[in-house]
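Just structure30.cif here, mmCIF, C-alpha atoms and all ligand atoms:
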data_structure
loop_
_atom_site.label_atom_id
_atom_site.label_comp_id
_atom_site.auth_asym_id
_atom_site.auth_seq_id
_atom_site.Cartn_x
_atom_site.Cartn_y
_atom_site.Cartn_z
CA LEU I 274 -39.85 -4.55 -66.37
CA ARG I 275 -38.17 -1.48 -65.04
CA ALA I 276 -34.60 -1.72 -63.81
CA LEU I 277 -31.37 0.10 -63.09
CA ILE I 278 -28.70 -1.04 -65.53
CA TRP I 279 -24.94 -0.71 -65.26
CA ASP I 280 -23.30 -0.86 -68.70
CA GLY I 281 -19.72 -0.53 -67.51
CA ALA I 282 -19.67 3.25 -67.89
CA HIS I 283 -23.04 4.54 -66.72
CA ALA I 284 -25.90 3.52 -64.48
CA ARG I 285 -29.27 4.32 -66.00
CA PHE I 286 -32.92 3.65 -65.36
CA VAL I 287 -34.58 1.66 -68.14
CA HIS I 288 -38.33 1.05 -68.62
CA ASP I 289 -38.38 -1.78 -71.09
CA VAL I 290 -36.03 -4.55 -69.99
CA PRO I 291 -37.46 -7.99 -70.97
CA ASP I 292 -39.03 -9.80 -68.01
CA PRO I 293 -36.97 -12.69 -66.62
CA THR I 294 -38.37 -16.05 -67.72
CA LEU I 295 -38.98 -18.88 -65.31
CA MET I 296 -36.43 -21.65 -65.70
CA PRO I 297 -36.42 -25.06 -64.00
CA GLY I 298 -35.37 -24.77 -60.36
CA THR I 299 -35.98 -21.02 -60.19
CA ALA I 300 -38.61 -18.56 -59.03
CA ILE I 301 -39.51 -15.08 -60.23
CA VAL I 302 -39.57 -12.70 -57.29
CA ARG I 303 -41.33 -9.32 -57.28
CA VAL I 304 -38.96 -7.00 -55.41
CA LEU I 305 -40.41 -5.05 -52.45
CA TYR I 306 -37.17 -3.41 -51.34
CA ALA I 307 -33.58 -3.64 -52.51
CA GLY I 308 -30.72 -2.26 -50.42
CA ILE I 309 -27.79 -0.34 -51.86
CA CYS I 310 -24.51 -1.73 -50.53
CA THR I 311 -20.92 -0.51 -50.75
CA THR I 312 -20.26 -3.50 -53.01
CA ASP I 313 -22.70 -1.99 -55.52
CA LEU I 314 -20.68 1.22 -55.47
CA GLN I 315 -17.51 -0.84 -55.96
CA ILE I 316 -19.15 -2.50 -58.97
CA LEU I 317 -19.68 0.97 -60.40
CA ALA I 318 -15.95 1.51 -59.79
CA GLY I 319 -15.07 -1.59 -61.80
CA TYR I 320 -15.21 -4.38 -59.21
CA MET I 321 -15.85 -7.81 -60.84
CA GLY I 322 -16.28 -6.21 -64.27
CA PHE I 323 -20.04 -6.69 -63.84
CA ARG I 324 -22.55 -5.55 -66.49
CA GLY I 325 -26.30 -5.78 -66.06
CA ILE I 326 -28.77 -5.15 -63.24
CA PRO I 327 -26.97 -4.79 -59.88
CA GLY I 328 -28.57 -5.35 -56.48
CA HIS I 329 -28.04 -8.28 -54.09
CA GLU I 330 -29.85 -7.22 -50.92
CA MET I 331 -33.57 -7.70 -51.31
CA VAL I 332 -36.90 -8.84 -49.98
CA GLY I 333 -39.74 -9.73 -52.31
CA VAL I 334 -42.77 -11.88 -52.98
CA VAL I 335 -42.60 -14.98 -55.18
CA GLU I 336 -44.69 -14.23 -58.25
CA ASP I 337 -43.99 -17.39 -60.22
CA GLY I 338 -42.37 -20.68 -59.26
CA PRO I 339 -43.21 -23.80 -57.29
CA ASP I 340 -46.64 -23.84 -55.57
CA HIS I 341 -45.21 -23.97 -52.06
CA LEU I 342 -43.35 -20.70 -52.64
CA ARG I 343 -45.84 -18.74 -54.73
CA GLY I 344 -47.09 -15.68 -52.81
CA ARG I 345 -44.53 -16.16 -50.03
CA ARG I 346 -42.34 -13.32 -48.82
CA VAL I 347 -38.69 -14.27 -49.32
CA VAL I 348 -35.10 -13.17 -49.07
CA ALA I 349 -32.42 -14.66 -51.31
CA GLU I 350 -28.91 -15.98 -50.79
CA ILE I 351 -26.82 -14.38 -53.50
CA ASN I 352 -24.46 -17.18 -54.59
CA PHE I 353 -26.10 -19.27 -57.28
CA SER I 354 -24.02 -22.44 -57.15
CA CYS I 355 -24.13 -25.44 -59.50
CA GLY I 356 -24.87 -27.99 -56.76
CA ARG I 357 -22.85 -30.72 -58.51
CA CYS I 358 -19.15 -29.83 -58.41
CA PRO I 359 -16.72 -31.01 -55.69
CA SER I 360 -16.99 -27.64 -53.86
CA CYS I 361 -20.78 -27.81 -53.81
CA LEU I 362 -20.85 -31.47 -52.80
CA ALA I 363 -18.45 -30.67 -49.95
CA GLY I 364 -20.84 -28.02 -48.65
CA ARG I 365 -18.86 -25.08 -50.01
CA GLY I 366 -21.50 -23.84 -52.43
CA ARG I 367 -20.71 -20.19 -51.74
CA HIS I 368 -17.33 -20.96 -53.32
CA CYS I 369 -18.62 -22.96 -56.28
CA PRO I 370 -16.15 -22.13 -59.10
CA SER I 371 -18.97 -21.87 -61.64
CA ARG I 372 -21.30 -19.86 -59.44
CA ALA I 373 -23.16 -16.77 -60.50
CA VAL I 374 -23.70 -14.08 -57.88
CA MET I 375 -26.90 -12.06 -57.95
CA GLY I 376 -26.18 -8.56 -59.18
CA ILE I 377 -22.41 -9.07 -58.89
CA LEU I 378 -21.27 -11.85 -61.25
CA GLY I 379 -23.13 -13.30 -64.21
CA ALA I 380 -26.69 -12.88 -62.88
CA ASP I 381 -29.04 -9.93 -62.87
CA GLY I 382 -29.87 -8.49 -59.48
CA ALA I 383 -32.69 -6.87 -57.59
CA PHE I 384 -32.60 -3.22 -58.69
CA ALA I 385 -35.64 -4.09 -60.79
CA ASP I 386 -39.33 -4.93 -60.53
CA LEU I 387 -38.60 -8.66 -60.88
CA VAL I 388 -35.60 -10.90 -60.33
CA ARG I 389 -35.05 -14.60 -61.08
CA VAL I 390 -33.55 -16.62 -58.23
CA PRO I 391 -32.87 -20.36 -57.82
CA THR I 392 -35.47 -21.72 -55.38
CA ALA I 393 -32.65 -23.33 -53.35
CA ASN I 394 -31.48 -19.80 -52.51
CA LEU I 395 -34.81 -18.57 -51.13
CA HIS I 396 -35.68 -18.30 -47.46
CA VAL I 397 -39.23 -17.55 -46.35
CA VAL I 398 -39.33 -14.49 -44.08
CA PRO I 399 -41.05 -14.94 -40.70
CA ASP I 400 -44.32 -12.95 -40.54
CA THR I 401 -43.14 -10.79 -37.63
CA VAL I 402 -40.14 -9.44 -39.59
CA SER I 403 -41.17 -6.36 -41.57
CA ASP I 404 -40.11 -5.78 -45.18
CA SER I 405 -37.74 -2.96 -44.28
CA VAL I 406 -36.04 -5.17 -41.68
CA ALA I 407 -35.96 -8.31 -43.85
CA VAL I 408 -34.08 -6.47 -46.60
CA PHE I 409 -31.10 -6.39 -44.21
CA THR I 410 -30.88 -10.21 -44.04
CA GLU I 411 -28.03 -10.48 -46.55
CA PRO I 412 -25.67 -8.01 -44.81
CA VAL I 413 -26.62 -9.44 -41.38
CA ALA I 414 -25.72 -12.89 -42.73
CA ALA I 415 -22.38 -11.48 -43.86
CA ALA I 416 -21.83 -10.30 -40.28
CA TYR I 417 -22.62 -13.81 -38.99
CA ARG I 418 -19.99 -15.16 -41.36
CA ALA I 419 -17.44 -12.99 -39.55
CA GLU I 420 -18.72 -14.36 -36.26
CA GLU I 421 -18.27 -17.98 -37.44
CA GLN I 422 -14.72 -17.27 -38.60
CA THR I 423 -13.46 -15.48 -35.47
CA ARG I 424 -14.61 -17.72 -32.60
CA ALA I 425 -10.99 -18.12 -31.48
CA PHE I 426 -11.13 -14.43 -30.47
CA ALA I 427 -14.66 -14.43 -29.00
CA ARG I 428 -15.34 -12.43 -25.82
CA GLY I 429 -12.11 -10.46 -26.23
CA ARG I 430 -11.52 -6.83 -27.13
CA THR I 431 -12.75 -6.27 -30.64
CA LEU I 432 -12.32 -3.20 -32.83
CA VAL I 433 -14.51 -2.64 -35.86
CA VAL I 434 -12.92 -0.11 -38.21
CA GLY I 435 -15.64 1.69 -40.13
CA ALA I 436 -19.04 2.73 -38.79
CA GLY I 437 -20.91 2.22 -42.04
CA LYS I 438 -23.87 -0.09 -42.43
CA LEU I 439 -21.90 -3.32 -42.45
CA GLY I 440 -19.60 -2.13 -39.65
CA LEU I 441 -22.54 -1.47 -37.36
CA LEU I 442 -24.08 -4.87 -38.12
CA LEU I 443 -20.74 -6.59 -37.47
CA ALA I 444 -20.32 -4.68 -34.23
CA GLN I 445 -23.76 -5.75 -33.01
CA VAL I 446 -23.30 -9.41 -33.93
CA LEU I 447 -19.88 -9.56 -32.23
CA ALA I 448 -21.17 -7.70 -29.15
CA GLN I 449 -24.07 -10.17 -29.00
CA ARG I 450 -21.65 -13.08 -28.49
CA GLY I 451 -19.84 -11.23 -25.69
CA ASP I 452 -17.01 -9.35 -27.39
CA GLU I 453 -16.13 -5.99 -25.87
CA VAL I 454 -16.66 -4.01 -29.08
CA SER I 455 -15.38 -0.57 -30.06
CA VAL I 456 -16.21 1.02 -33.38
CA MET I 457 -13.79 3.43 -35.03
CA CYS I 458 -15.62 6.28 -36.68
CA ARG I 459 -14.78 9.31 -38.74
CA SER I 460 -17.77 11.61 -38.29
CA ASP I 461 -20.13 12.82 -35.57
CA THR I 462 -23.03 11.26 -37.48
CA ALA I 463 -21.30 7.90 -37.32
CA ARG I 464 -20.47 8.36 -33.65
CA GLY I 465 -24.13 9.15 -32.99
CA ARG I 466 -25.23 5.92 -34.66
CA VAL I 467 -22.64 3.88 -32.75
CA GLU I 468 -23.74 5.31 -29.41
CA MET I 469 -27.42 4.88 -30.24
CA LEU I 470 -26.65 1.16 -30.54
CA ALA I 471 -25.05 1.23 -27.07
CA LEU I 472 -21.61 0.51 -28.55
CA ARG I 473 -18.36 2.32 -27.77
CA ALA I 474 -17.08 4.79 -30.37
CA VAL I 475 -13.37 5.57 -30.79
CA PRO I 476 -11.93 8.28 -33.05
CA MET I 477 -9.85 7.54 -36.17
CA GLU I 478 -6.69 9.11 -34.75
CA CYS I 479 -6.56 7.13 -31.50
CA ALA I 480 -3.36 5.45 -30.25
CA PRO I 481 -2.85 1.74 -31.15
CA LEU I 482 -5.48 -0.23 -29.25
CA GLY I 483 -3.88 -3.68 -29.19
CA ALA I 484 -7.23 -5.33 -29.85
CA ASP I 485 -7.62 -9.12 -29.87
CA LEU I 486 -9.64 -8.91 -33.07
CA VAL I 487 -9.86 -6.09 -35.61
CA VAL I 488 -12.43 -6.08 -38.38
CA ASP I 489 -11.94 -3.90 -41.44
CA ALA I 490 -15.37 -2.77 -42.55
CA THR I 491 -14.29 0.50 -44.12
CA GLY I 492 -15.05 -0.55 -47.67
CA SER I 493 -11.89 1.29 -48.67
CA PRO I 494 -8.32 0.25 -49.49
CA GLU I 495 -7.01 2.19 -46.46
CA GLY I 496 -8.89 -0.03 -44.01
CA LEU I 497 -6.32 -2.82 -43.90
CA ALA I 498 -3.44 -0.51 -42.90
CA ILE I 499 -5.56 1.08 -40.15
CA ALA I 500 -6.64 -2.34 -38.89
CA LEU I 501 -3.00 -3.53 -38.80
CA GLU I 502 -2.08 -0.67 -36.47
CA HIS I 503 -4.60 -1.76 -33.86
CA VAL I 504 -4.31 -5.55 -33.70
CA ARG I 505 -2.21 -7.13 -30.96
CA PRO I 506 0.45 -9.77 -31.61
CA LEU I 507 -1.25 -13.17 -32.17
CA GLY I 508 -4.51 -11.34 -32.73
CA GLY I 509 -6.98 -11.70 -35.58
CA LEU I 510 -7.63 -9.36 -38.47
CA LEU I 511 -10.75 -9.94 -40.52
CA LEU I 512 -11.16 -8.20 -43.87
CA LYS I 513 -14.73 -7.51 -44.83
CA SER I 514 -14.15 -4.83 -47.44
CA THR I 515 -14.37 -5.80 -51.09
CA VAL I 516 -12.64 -3.04 -52.98
CA ALA I 517 -11.95 -2.57 -56.67
CA ALA I 518 -8.57 -0.94 -56.00
CA ASP I 519 -5.40 -2.72 -54.83
CA HIS I 520 -4.12 -2.63 -51.27
CA HIS I 521 -0.69 -1.05 -50.77
CA VAL I 522 0.45 -2.10 -47.34
CA GLY I 523 3.49 -3.81 -45.87
CA LEU I 524 2.62 -7.22 -44.52
CA ALA I 525 5.77 -7.82 -42.44
CA ARG I 526 3.85 -7.08 -39.23
CA LEU I 527 1.54 -9.98 -39.97
CA VAL I 528 4.57 -12.26 -39.99
CA VAL I 529 6.49 -10.79 -37.08
CA ASP I 530 3.43 -10.52 -34.82
CA GLU I 531 1.83 -13.74 -36.12
CA VAL I 532 -1.44 -12.02 -36.86
CA THR I 533 -4.14 -14.25 -38.34
CA LEU I 534 -5.59 -12.64 -41.46
CA ILE I 535 -9.07 -13.78 -42.42
CA GLY I 536 -10.98 -12.92 -45.58
CA SER I 537 -14.73 -12.89 -45.16
CA ARG I 538 -17.59 -12.61 -47.63
CA CYS I 539 -21.14 -14.01 -47.59
CA GLY I 540 -22.74 -15.72 -44.65
CA PRO I 541 -25.49 -18.01 -43.41
CA PHE I 542 -29.08 -16.72 -43.65
CA GLU I 543 -30.55 -18.90 -40.88
CA PRO I 544 -28.91 -17.16 -37.88
CA ALA I 545 -29.44 -13.78 -39.55
CA LEU I 546 -33.19 -14.30 -39.95
CA ALA I 547 -33.43 -15.75 -36.43
CA ALA I 548 -31.63 -12.73 -34.95
CA LEU I 549 -33.83 -10.31 -36.87
CA GLU I 550 -36.94 -12.19 -35.75
CA ALA I 551 -35.76 -12.09 -32.13
CA GLY I 552 -35.00 -8.38 -32.38
CA GLN I 553 -31.35 -8.98 -31.39
CA ILE I 554 -29.91 -6.85 -34.18
CA ALA I 555 -31.20 -3.31 -34.64
CA VAL I 556 -31.34 -2.30 -38.29
CA GLU I 557 -33.72 0.69 -38.20
CA PRO I 558 -30.99 3.07 -36.93
CA LEU I 559 -29.00 2.22 -40.08
CA LEU I 560 -31.79 3.18 -42.45
CA GLU I 561 -31.35 6.51 -44.23
CA ALA I 562 -34.20 6.67 -46.73
CA VAL I 563 -36.44 4.78 -49.13
CA VAL I 564 -36.08 5.94 -52.74
CA PRO I 565 -38.32 4.99 -55.68
CA LEU I 566 -36.52 2.76 -58.20
CA ASP I 567 -36.87 5.37 -60.97
CA ARG I 568 -34.69 7.70 -58.87
CA GLY I 569 -32.14 4.97 -58.25
CA VAL I 570 -29.32 6.56 -60.27
CA ASP I 571 -29.50 9.51 -57.93
CA ALA I 572 -29.63 7.19 -54.92
CA LEU I 573 -26.47 5.38 -56.09
CA ALA I 574 -24.66 8.73 -56.18
CA GLN I 575 -25.99 9.65 -52.73
CA ALA I 576 -25.14 6.27 -51.19
CA GLY I 577 -21.39 6.87 -51.45
CA LEU I 578 -21.39 10.07 -49.42
CA PRO I 579 -19.69 9.75 -46.04
CA GLY I 580 -21.96 9.08 -43.09
CA LYS I 581 -24.89 7.95 -45.22
CA GLY I 582 -27.11 5.22 -43.82
CA LYS I 583 -28.72 2.46 -45.86
CA LEU I 584 -30.68 3.59 -48.89
CA LEU I 585 -33.46 1.25 -49.95
CA LEU I 586 -34.86 1.21 -53.47
CA ARG I 587 -38.57 0.56 -53.85
CA PRO I 588 -39.70 -0.56 -57.31
ZN ZN M 601 -23.71 -6.19 -50.03
ZN ZN M 602 -20.64 -26.01 -57.78
#

Is it possible to give me this structure as structure tokens?
Ligand SMILES: [Zn+2]
Ligand SMILES: [Zn+2]
Amino acid sequence: LRALIWDGAHARFVHDVPDPTLMPGTAIVRVLYAGICTTDLQILAGYMGFRGIPGHEMVGVVEDGPDHLRGRRVVAEINFSCGRCPSCLAGRGRHCPSRAVMGILGADGAFADLVRVPTANLHVVPDTVSDSVAVFTEPVAAAYRAEEQTRAFARGRTLVVGAGKLGLLLAQVLAQRGDEVSVMCRSDTARGRVEMLALRAVPMECAPLGADLVVDATGSPEGLAIALEHVRPLGGLLLKSTVAADHHVGLARLVVDEVTLIGSRCGPFEPALAALEAGQIAVEPLLEAVVPLDRGVDALAQAGLPGKGKLLLRP
């Protein structure tokens, strides 16, 4: 198969990677689209020390596996948990200590023609959801995770810091439940996207907003400090950025102002697919371009430029 490979120093396109073999409890999925995410760029900066085929946002068709899945169009939850440990048995499979994570930790990902995924992780895509919409299921699910974790602040004034792909999905999901959402953005391109989604844009250099809930979706180590400036006492601060670098920020304000700090990673696919099927979350405005897989190295370089929308790889 053909794939993009990260060897710890370089990303390169390779023609002759051995095909994944079907193992019990898994399916082989032919990738239709794979999305490039800021986490992929962080992996290329050293995050998780990953080596192999990156890519964790994908839609594909099951090529080999159980009969009921063969030929079905699917999306895949990215945490491959053991299913047997105390975390898994308590329903915390996304935090299974021996998990692999597709394209991030110990399992090859979707920047390839084929990817092997545990069948338990697959969700069949409703027919009315197109391929280029379905590929957003994973980041939309991550936005629903933030929604689940911040219900104490629902319908208040919410600030999303960062108008990138994930920021705009978070803003839509939180607006959907009734939050009064502003999105802090750096560029005119970003502002344009925010306003196209009928959300309020605020500039980076605005005065402290005193928001009930602030979400850091900058994907950069600076996001936490910016978010801290804008949260009100007793407010919530949700961190959605996974960064390879360390944060350098004083946390005394968290203590003095009793701010609730919430870390947030992967989320539930069911509400994400339902929202995409119902057309409640617009993903087309986030789409920048579709790039053939063999030009993926170039696409990875492009994806990090400020103001870029989602780049999709097509094997
Ligand atoms: Zn991602
Ligand atoms: Zn487990």

Query raised in the report: Which of these, I:Arg365, I:Arg324, I:Arg464, I:His288, has the shortest distance to ligand ZN 602 (chain M) once you count only C-alpha atoms and all ligand atoms?
Result: I:Arg365

Query - I:Arg345, I:His396, I:Lys438, I:Arg505 ranked by distance to Gly577 of chain I, top pick (using only C-alpha atoms) - result: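 Under the stated criterion, the closest residue is I:Lys438.
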
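Atom CA of Arg466 of chain I lies 25.9 Å from atom CA of Val570 of chain I.
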
Box for segment 332-351 of chain I - axis-aligned, 3 Å on each of the six sides, all listed atoms - centre and size in Å to one decimal, as JSON.
{"center_x": -37.0, "center_y": -16.4, "center_z": -54.5, "size_x": 26.3, "size_y": 21.1, "size_z": 17.4}

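Neighbours of ligand ZN 601 (chain M) at a cut-off of 6 Å, computed so that all atoms listed in the file are counted, are the residues Cys310, Thr312 and Pro412 of chain I.
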
Report summary line: Residue with the minimum atom-to-atom distance to Ser403 of chain I, picked from I:Gly376, I:Gly440, I:Pro541, I:Gly333 with only C-alpha atoms counted, is I:Gly333

Requested in this report: Please identify every polymer residue within 9 Å of ligand ZN 602 (chain M), using all atoms listed in the file, and present the set as a list of chain:residue names.
Outcome: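 Written in the requested form, the residues are I:Phe353, I:Ser354, I:Cys355, I:Gly356, I:Arg357, I:Cys358, I:Pro359, I:Ser360, I:Cys361, I:Leu362, I:Arg365, I:Gly366, I:Arg367, I:His368, I:Cys369, I:Pro370, I:Ser371, I:Arg372.
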
Taking only C-alpha atoms, show segment 358-454 of chain I of the given structure as a PDB file, in the first residue's frame.
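Contents of the output file out12.pdb:
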ATOM      1  CA  CYS I 358      -9.019  -3.672  32.189  1.00  0.00           C
ATOM      2  CA  PRO I 359     -10.738  -1.829  35.080  1.00  0.00           C
ATOM      3  CA  SER I 360     -10.853   1.429  33.049  1.00  0.00           C
ATOM      4  CA  CYS I 361     -12.499  -0.299  30.097  1.00  0.00           C
ATOM      5  CA  LEU I 362     -14.932  -2.240  32.278  1.00  0.00           C
ATOM      6  CA  ALA I 363     -15.905   1.018  33.997  1.00  0.00           C
ATOM      7  CA  GLY I 364     -16.771   2.557  30.631  1.00  0.00           C
ATOM      8  CA  ARG I 365     -13.598   4.633  30.390  1.00  0.00           C
ATOM      9  CA  GLY I 366     -12.182   2.915  27.318  1.00  0.00           C
ATOM     10  CA  ARG I 367     -10.827   6.159  25.883  1.00  0.00           C
ATOM     11  CA  HIS I 368      -8.519   6.172  28.915  1.00  0.00           C
ATOM     12  CA  CYS I 369      -7.530   2.506  28.787  1.00  0.00           C
ATOM     13  CA  PRO I 370      -3.903   2.487  30.038  1.00  0.00           C
ATOM     14  CA  SER I 371      -2.884  -0.047  27.390  1.00  0.00           C
ATOM     15  CA  ARG I 372      -4.727   1.611  24.525  1.00  0.00           C
ATOM     16  CA  ALA I 373      -3.288   2.300  21.126  1.00  0.00           C
ATOM     17  CA  VAL I 374      -4.444   5.447  19.349  1.00  0.00           C
ATOM     18  CA  MET I 375      -4.806   5.401  15.578  1.00  0.00           C
ATOM     19  CA  GLY I 376      -1.994   7.390  14.001  1.00  0.00           C
ATOM     20  CA  ILE I 377      -0.926   8.841  17.365  1.00  0.00           C
ATOM     21  CA  LEU I 378       0.223   6.047  19.704  1.00  0.00           C
ATOM     22  CA  GLY I 379       1.220   2.514  18.786  1.00  0.00           C
ATOM     23  CA  ALA I 380      -1.099   2.041  15.789  1.00  0.00           C
ATOM     24  CA  ASP I 381      -0.779   3.049  12.166  1.00  0.00           C
ATOM     25  CA  GLY I 382      -3.216   5.660  10.962  1.00  0.00           C
ATOM     26  CA  ALA I 383      -5.174   6.663   7.912  1.00  0.00           C
ATOM     27  CA  PHE I 384      -2.670   8.557   5.743  1.00  0.00           C
ATOM     28  CA  ALA I 385      -2.584   5.407   3.622  1.00  0.00           C
ATOM     29  CA  ASP I 386      -4.654   3.395   1.165  1.00  0.00           C
ATOM     30  CA  LEU I 387      -5.699   0.950   3.900  1.00  0.00           C
ATOM     31  CA  VAL I 388      -5.899   1.044   7.680  1.00  0.00           C
ATOM     32  CA  ARG I 389      -6.679  -1.693  10.220  1.00  0.00           C
ATOM     33  CA  VAL I 390      -9.246  -0.752  12.867  1.00  0.00           C
ATOM     34  CA  PRO I 391     -10.931  -2.784  15.641  1.00  0.00           C
ATOM     35  CA  THR I 392     -14.533  -3.400  14.561  1.00  0.00           C
ATOM     36  CA  ALA I 393     -15.722  -2.098  17.948  1.00  0.00           C
ATOM     37  CA  ASN I 394     -14.400   1.317  16.904  1.00  0.00           C
ATOM     38  CA  LEU I 395     -16.314   1.527  13.618  1.00  0.00           C
ATOM     39  CA  HIS I 396     -19.505   3.494  13.084  1.00  0.00           C
ATOM     40  CA  VAL I 397     -21.506   3.119   9.887  1.00  0.00           C
ATOM     41  CA  VAL I 398     -22.041   6.504   8.213  1.00  0.00           C
ATOM     42  CA  PRO I 399     -25.661   7.438   7.395  1.00  0.00           C
ATOM     43  CA  ASP I 400     -26.244   7.485   3.610  1.00  0.00           C
ATOM     44  CA  THR I 401     -27.166  11.172   3.559  1.00  0.00           C
ATOM     45  CA  VAL I 402     -23.794  12.248   5.007  1.00  0.00           C
ATOM     46  CA  SER I 403     -21.275  12.744   2.197  1.00  0.00           C
ATOM     47  CA  ASP I 404     -17.688  11.484   2.390  1.00  0.00           C
ATOM     48  CA  SER I 405     -16.227  14.971   2.731  1.00  0.00           C
ATOM     49  CA  VAL I 406     -18.598  15.718   5.622  1.00  0.00           C
ATOM     50  CA  ALA I 407     -18.185  12.325   7.334  1.00  0.00           C
ATOM     51  CA  VAL I 408     -14.412  12.783   7.530  1.00  0.00           C
ATOM     52  CA  PHE I 409     -15.089  15.533  10.099  1.00  0.00           C
ATOM     53  CA  THR I 410     -16.803  13.115  12.528  1.00  0.00           C
ATOM     54  CA  GLU I 411     -13.746  12.694  14.759  1.00  0.00           C
ATOM     55  CA  PRO I 412     -13.123  16.419  15.367  1.00  0.00           C
ATOM     56  CA  VAL I 413     -16.879  17.042  15.747  1.00  0.00           C
ATOM     57  CA  ALA I 414     -16.936  14.281  18.372  1.00  0.00           C
ATOM     58  CA  ALA I 415     -14.056  16.032  20.135  1.00  0.00           C
ATOM     59  CA  ALA I 416     -16.203  19.173  20.207  1.00  0.00           C
ATOM     60  CA  TYR I 417     -19.086  17.182  21.735  1.00  0.00           C
ATOM     61  CA  ARG I 418     -16.700  16.010  24.440  1.00  0.00           C
ATOM     62  CA  ALA I 419     -16.180  19.661  25.383  1.00  0.00           C
ATOM     63  CA  GLU I 420     -19.954  20.097  25.444  1.00  0.00           C
ATOM     64  CA  GLU I 421     -20.386  17.127  27.821  1.00  0.00           C
ATOM     65  CA  GLN I 422     -17.716  18.464  30.165  1.00  0.00           C
ATOM     66  CA  THR I 423     -18.944  22.071  30.410  1.00  0.00           C
ATOM     67  CA  ARG I 424     -22.686  21.724  31.044  1.00  0.00           C
ATOM     68  CA  ALA I 425     -22.298  23.679  34.299  1.00  0.00           C
ATOM     69  CA  PHE I 426     -21.566  26.733  32.115  1.00  0.00           C
ATOM     70  CA  ALA I 427     -24.176  26.071  29.403  1.00  0.00           C
ATOM     71  CA  ARG I 428     -26.145  29.010  27.964  1.00  0.00           C
ATOM     72  CA  GLY I 429     -23.654  31.513  29.380  1.00  0.00           C
ATOM     73  CA  ARG I 430     -21.107  33.728  27.650  1.00  0.00           C
ATOM     74  CA  THR I 431     -18.534  31.519  26.019  1.00  0.00           C
ATOM     75  CA  LEU I 432     -15.275  32.519  24.370  1.00  0.00           C
ATOM     76  CA  VAL I 433     -13.476  30.174  22.012  1.00  0.00           C
ATOM     77  CA  VAL I 434      -9.839  31.212  21.600  1.00  0.00           C
ATOM     78  CA  GLY I 435      -8.614  30.143  18.182  1.00  0.00           C
ATOM     79  CA  ALA I 436     -10.616  30.175  14.958  1.00  0.00           C
ATOM     80  CA  GLY I 437      -8.972  27.104  13.458  1.00  0.00           C
ATOM     81  CA  LYS I 438     -10.864  24.020  12.386  1.00  0.00           C
ATOM     82  CA  LEU I 439     -11.459  22.645  15.867  1.00  0.00           C
ATOM     83  CA  GLY I 440     -12.259  26.099  17.277  1.00  0.00           C
ATOM     84  CA  LEU I 441     -15.003  26.623  14.718  1.00  0.00           C
ATOM     85  CA  LEU I 442     -16.492  23.181  15.402  1.00  0.00           C
ATOM     86  CA  LEU I 443     -16.411  23.830  19.163  1.00  0.00           C
ATOM     87  CA  ALA I 444     -18.028  27.223  18.668  1.00  0.00           C
ATOM     88  CA  GLN I 445     -20.858  25.722  16.627  1.00  0.00           C
ATOM     89  CA  VAL I 446     -21.522  22.876  19.064  1.00  0.00           C
ATOM     90  CA  LEU I 447     -21.568  25.248  22.053  1.00  0.00           C
ATOM     91  CA  ALA I 448     -23.768  27.771  20.207  1.00  0.00           C
ATOM     92  CA  GLN I 449     -26.127  24.913  19.327  1.00  0.00           C
ATOM     93  CA  ARG I 450     -26.829  24.273  23.024  1.00  0.00           C
ATOM     94  CA  GLY I 451     -27.549  27.961  23.643  1.00  0.00           C
ATOM     95  CA  ASP I 452     -24.218  29.479  24.679  1.00  0.00           C
ATOM     96  CA  GLU I 453     -23.626  33.050  23.549  1.00  0.00           C
ATOM     97  CA  VAL I 454     -20.395  32.290  21.686  1.00  0.00           C
TER      98      VAL I 454
END
